[in-house]
file input_25.pdb (PDB, C-alpha atoms)
MODEL        1
ATOM      1  CA  MET G  28       0.000   0.000   0.000  1.00  0.00           C
ATOM      2  CA  ALA G  29       1.469   3.340  -1.045  1.00  0.00           C
ATOM      3  CA  LEU G  30       1.158   5.873   1.745  1.00  0.00           C
ATOM      4  CA  LYS G  31       2.105   9.515   1.957  1.00  0.00           C
ATOM      5  CA  VAL G  32       2.156  12.195   4.630  1.00  0.00           C
ATOM      6  CA  GLY G  33      -1.406  13.184   5.527  1.00  0.00           C
ATOM      7  CA  ASP G  34      -3.048   9.841   4.651  1.00  0.00           C
ATOM      8  CA  LEU G  35      -5.475   8.408   7.196  1.00  0.00           C
ATOM      9  CA  VAL G  36      -4.685   4.853   8.315  1.00  0.00           C
ATOM     10  CA  GLY G  37      -5.981   2.300  10.789  1.00  0.00           C
ATOM     11  CA  VAL G  38      -3.380   1.004  13.252  1.00  0.00           C
ATOM     12  CA  PRO G  39      -4.106  -2.423  14.813  1.00  0.00           C
ATOM     13  CA  ALA G  40      -4.728  -2.465  18.556  1.00  0.00           C
ATOM     14  CA  SER G  41      -6.091  -4.531  21.405  1.00  0.00           C
ATOM     15  CA  ILE G  42      -9.050  -2.842  23.073  1.00  0.00           C
ATOM     16  CA  GLN G  43     -11.172  -3.065  26.185  1.00  0.00           C
ATOM     17  CA  SER G  44     -13.756  -0.844  27.845  1.00  0.00           C
ATOM     18  CA  GLY G  45     -12.385   2.478  29.037  1.00  0.00           C
ATOM     19  CA  PRO G  46     -13.228   4.396  32.204  1.00  0.00           C
ATOM     20  CA  PHE G  47     -15.824   6.464  30.346  1.00  0.00           C
ATOM     21  CA  PRO G  48     -18.618   5.168  28.110  1.00  0.00           C
ATOM     22  CA  ASP G  49     -17.383   7.086  25.035  1.00  0.00           C
ATOM     23  CA  GLU G  50     -13.842   5.633  24.927  1.00  0.00           C
ATOM     24  CA  PHE G  51     -11.763   2.462  24.857  1.00  0.00           C
ATOM     25  CA  ALA G  52      -8.539   1.534  26.647  1.00  0.00           C
ATOM     26  CA  VAL G  53      -6.115   0.509  23.887  1.00  0.00           C
ATOM     27  CA  THR G  54      -2.746  -1.207  23.515  1.00  0.00           C
ATOM     28  CA  VAL G  55      -0.722  -0.734  20.319  1.00  0.00           C
ATOM     29  CA  GLU G  56       2.389  -2.628  19.177  1.00  0.00           C
ATOM     30  CA  THR G  57       4.960  -0.179  17.773  1.00  0.00           C
ATOM     31  CA  ASN G  58       8.518  -0.521  16.494  1.00  0.00           C
ATOM     32  CA  GLU G  59       9.711   0.841  19.854  1.00  0.00           C
ATOM     33  CA  GLY G  60       7.468  -1.353  22.012  1.00  0.00           C
ATOM     34  CA  VAL G  61       3.927  -1.339  23.339  1.00  0.00           C
ATOM     35  CA  ILE G  62       2.047   1.894  24.035  1.00  0.00           C
ATOM     36  CA  SER G  63      -1.257   2.183  25.883  1.00  0.00           C
ATOM     37  CA  GLY G  64      -3.861   4.873  26.239  1.00  0.00           C
ATOM     38  CA  PHE G  65      -7.454   5.879  25.580  1.00  0.00           C
ATOM     39  CA  VAL G  66      -9.247   6.486  22.286  1.00  0.00           C
ATOM     40  CA  LYS G  67     -12.733   7.907  21.699  1.00  0.00           C
ATOM     41  CA  LYS G  68     -15.203   5.532  20.029  1.00  0.00           C
ATOM     42  CA  PRO G  69     -15.490   7.521  16.745  1.00  0.00           C
ATOM     43  CA  ASN G  70     -11.750   6.961  16.162  1.00  0.00           C
ATOM     44  CA  ILE G  71     -11.907   3.154  16.371  1.00  0.00           C
ATOM     45  CA  LYS G  72     -13.115   0.466  13.980  1.00  0.00           C
ATOM     46  CA  ILE G  73     -13.760  -2.748  15.916  1.00  0.00           C
ATOM     47  CA  ASP G  74     -12.866  -6.035  14.226  1.00  0.00           C
ATOM     48  CA  PRO G  75     -16.213  -7.732  13.472  1.00  0.00           C
ATOM     49  CA  SER G  76     -14.726 -11.186  14.172  1.00  0.00           C
ATOM     50  CA  ASP G  77     -12.985 -10.240  17.468  1.00  0.00           C
ATOM     51  CA  SER G  78     -14.403  -7.519  19.727  1.00  0.00           C
ATOM     52  CA  ASN G  79     -11.051  -7.220  21.543  1.00  0.00           C
ATOM     53  CA  ARG G  80      -9.228  -6.117  18.359  1.00  0.00           C
ATOM     54  CA  ALA G  81      -9.632  -2.907  16.391  1.00  0.00           C
ATOM     55  CA  HIS G  82      -7.931  -0.340  14.196  1.00  0.00           C
ATOM     56  CA  ILE G  83      -7.245   3.113  15.658  1.00  0.00           C
ATOM     57  CA  LYS G  84      -7.458   6.099  13.365  1.00  0.00           C
ATOM     58  CA  GLY G  85      -4.137   7.816  12.710  1.00  0.00           C
ATOM     59  CA  VAL G  86      -2.565  10.211  10.218  1.00  0.00           C
ATOM     60  CA  VAL G  87       0.764   9.523   8.483  1.00  0.00           C
ATOM     61  CA  VAL G  88       3.459  12.028   9.521  1.00  0.00           C
ATOM     62  CA  GLU G  89       6.443  10.221   7.928  1.00  0.00           C
ATOM     63  CA  ALA G  90       6.838   7.295   5.523  1.00  0.00           C
ATOM     64  CA  THR G  91       9.908   5.125   4.818  1.00  0.00           C
ATOM     65  CA  ASP G  92      10.342   1.799   3.040  1.00  0.00           C
ATOM     66  CA  ASP G  93      10.154  -0.171   6.317  1.00  0.00           C
ATOM     67  CA  SER G  94       7.874   1.768   8.599  1.00  0.00           C
ATOM     68  CA  ILE G  95       5.308   4.491   8.879  1.00  0.00           C
ATOM     69  CA  THR G  96       5.198   7.122  11.605  1.00  0.00           C
ATOM     70  CA  VAL G  97       1.645   8.008  12.555  1.00  0.00           C
ATOM     71  CA  LYS G  98      -0.062  10.444  14.884  1.00  0.00           C
ATOM     72  CA  LEU G  99      -2.711   8.365  16.629  1.00  0.00           C
ATOM     73  CA  TYR G 100      -6.042   9.876  17.603  1.00  0.00           C
ATOM     74  CA  GLY G 101      -6.237   9.532  21.386  1.00  0.00           C
ATOM     75  CA  SER G 102      -4.340  10.036  24.642  1.00  0.00           C
ATOM     76  CA  PHE G 103      -1.341   7.803  25.319  1.00  0.00           C
ATOM     77  CA  PHE G 104       0.693   7.212  28.483  1.00  0.00           C
ATOM     78  CA  THR G 105       4.182   6.798  27.025  1.00  0.00           C
ATOM     79  CA  THR G 106       4.032   9.267  24.138  1.00  0.00           C
ATOM     80  CA  ALA G 107       2.381  12.588  24.896  1.00  0.00           C
ATOM     81  CA  GLN G 108       1.979  13.413  21.209  1.00  0.00           C
ATOM     82  CA  GLY G 109       0.503  10.022  20.257  1.00  0.00           C
ATOM     83  CA  VAL G 110       3.212   9.619  17.593  1.00  0.00           C
ATOM     84  CA  ALA G 111       4.421   6.069  16.931  1.00  0.00           C
ATOM     85  CA  SER G 112       6.422   4.192  14.308  1.00  0.00           C
ATOM     86  CA  VAL G 113       4.557   1.089  13.096  1.00  0.00           C
ATOM     87  CA  ARG G 114       5.099  -1.652  10.524  1.00  0.00           C
ATOM     88  CA  ARG G 115       3.713  -0.737   7.139  1.00  0.00           C
ATOM     89  CA  ASN G 116       2.138  -4.175   6.530  1.00  0.00           C
ATOM     90  CA  ASP G 117      -0.001  -3.936   9.701  1.00  0.00           C
ATOM     91  CA  LEU G 118      -1.904  -0.843   8.554  1.00  0.00           C
ATOM     92  CA  ALA G 119      -5.317  -0.552   6.941  1.00  0.00           C
ATOM     93  CA  ARG G 120      -6.556   2.308   4.782  1.00  0.00           C
ATOM     94  CA  TYR G 121      -8.909   4.518   6.804  1.00  0.00           C
ATOM     95  CA  ALA G 122     -11.725   6.232   4.918  1.00  0.00           C
ATOM     96  CA  ALA G 123     -11.740   9.995   5.373  1.00  0.00           C
TER      97      ALA G 123
ENDMDL
END
call {"tool": "encode", "arguments": {"input": "input_25.pdb", "output": "structure tokens"}}
result
Amino acid sequence: MALKVGDLVGVPASIQSGPFPDEFAVTVETNEGVISGFVKKPNIKIDPSDSNRAHIKGVVVEATDDSITVKLYGSFFTTAQGVASVRRNDLARYAA
């Protein structure tokens, strides 16, 4: 999949109910390790075959041959900006 800066993508994540009814607690595998945080329901597409898996909406901020750096929509504990480097082959195209 050809991606460029500004493209919307879905980043795979594990999800569970969050502390508020309008959000999920999420865990995302990145190239640097696991990050966790909270994402509002409109920014998540739940996997229809597994309600504990989803794709989190993100925007591409940098693209290389091996990885993509995305700004994830949400609040994360280990990265205040929500920016993470992820494997290109794990992403899904996110409709605007």
call {"tool": "resolve_selection", "arguments": {"input": "input_25.pdb", "expression": "the PyMOL selection byres ((chain G and resi 105) around 10)", "output": "PyMOL selection string"}}
result
chain G and resi 61-64+102-104+106-110
call {"tool": "closest_residue", "arguments": {"input": "input_25.pdb", "among": "G:Glu89, G:Glu50, G:Tyr100, G:Ala81", "to": "Ala119 (chain G)", "atoms": "all atoms listed in the file"}}
result
G:Ala81
call {"tool": "resolve_selection", "arguments": {"input": "input_25.pdb", "expression": "the PyMOL selection byres ((chain G and resi 84) around 10)", "output": "list in words"}}
result
Leu35, Val36, Gly37, Val38, Pro39, Val66, Pro69, Asn70, Ile71, Lys72, Ala81, His82, Ile83, Gly85, Val86, Val97, Lys98, Leu99, Tyr100, Gly101, Ala119, Arg120, Tyr121, Ala122 and Ala123 of chain G
call {"tool": "atom_distance", "arguments": {"input": "input_25.pdb", "atom1": "CA of Glu59 (chain G)", "atom2": "CA of Arg114 (chain G)"}}
result
10.7 Å
call {"tool": "closest_residue", "arguments": {"input": "input_25.pdb", "among": "G:Phe65, G:Asp93, G:Arg80, G:Asn116", "to": "Phe47 (chain G)", "atoms": "only C-alpha atoms"}}
result
G:Phe65
call {"tool": "atom_distance", "arguments": {"input": "input_25.pdb", "atom1": "CA of Val32 (chain G)", "atom2": "CA of Thr91 (chain G)"}}
result
10.5 Å
call {"tool": "resolve_selection", "arguments": {"input": "input_25.pdb", "expression": "the PyMOL selection byres ((chain G and resi 44) around 12)", "output": "list of chain:residue names"}}
result
G:Ser41, G:Ile42, G:Gln43, G:Gly45, G:Pro46, G:Phe47, G:Pro48, G:Asp49, G:Glu50, G:Phe51, G:Ala52, G:Val53, G:Thr54, G:Gly64, G:Phe65, G:Val66, G:Lys67, G:Lys68, G:Ser78, G:Asn79, G:Arg80
call {"tool": "atom_distance", "arguments": {"input": "input_25.pdb", "atom1": "CA of Ile73 (chain G)", "atom2": "CA of Ser112 (chain G)"}}
result
21.4 Å
call {"tool": "closest_residue", "arguments": {"input": "input_25.pdb", "among": "G:Asp74, G:Ala111, G:Gly60, G:Ala40", "to": "Ala90 (chain G)", "atoms": "only C-alpha atoms"}}
result
G:Ala111
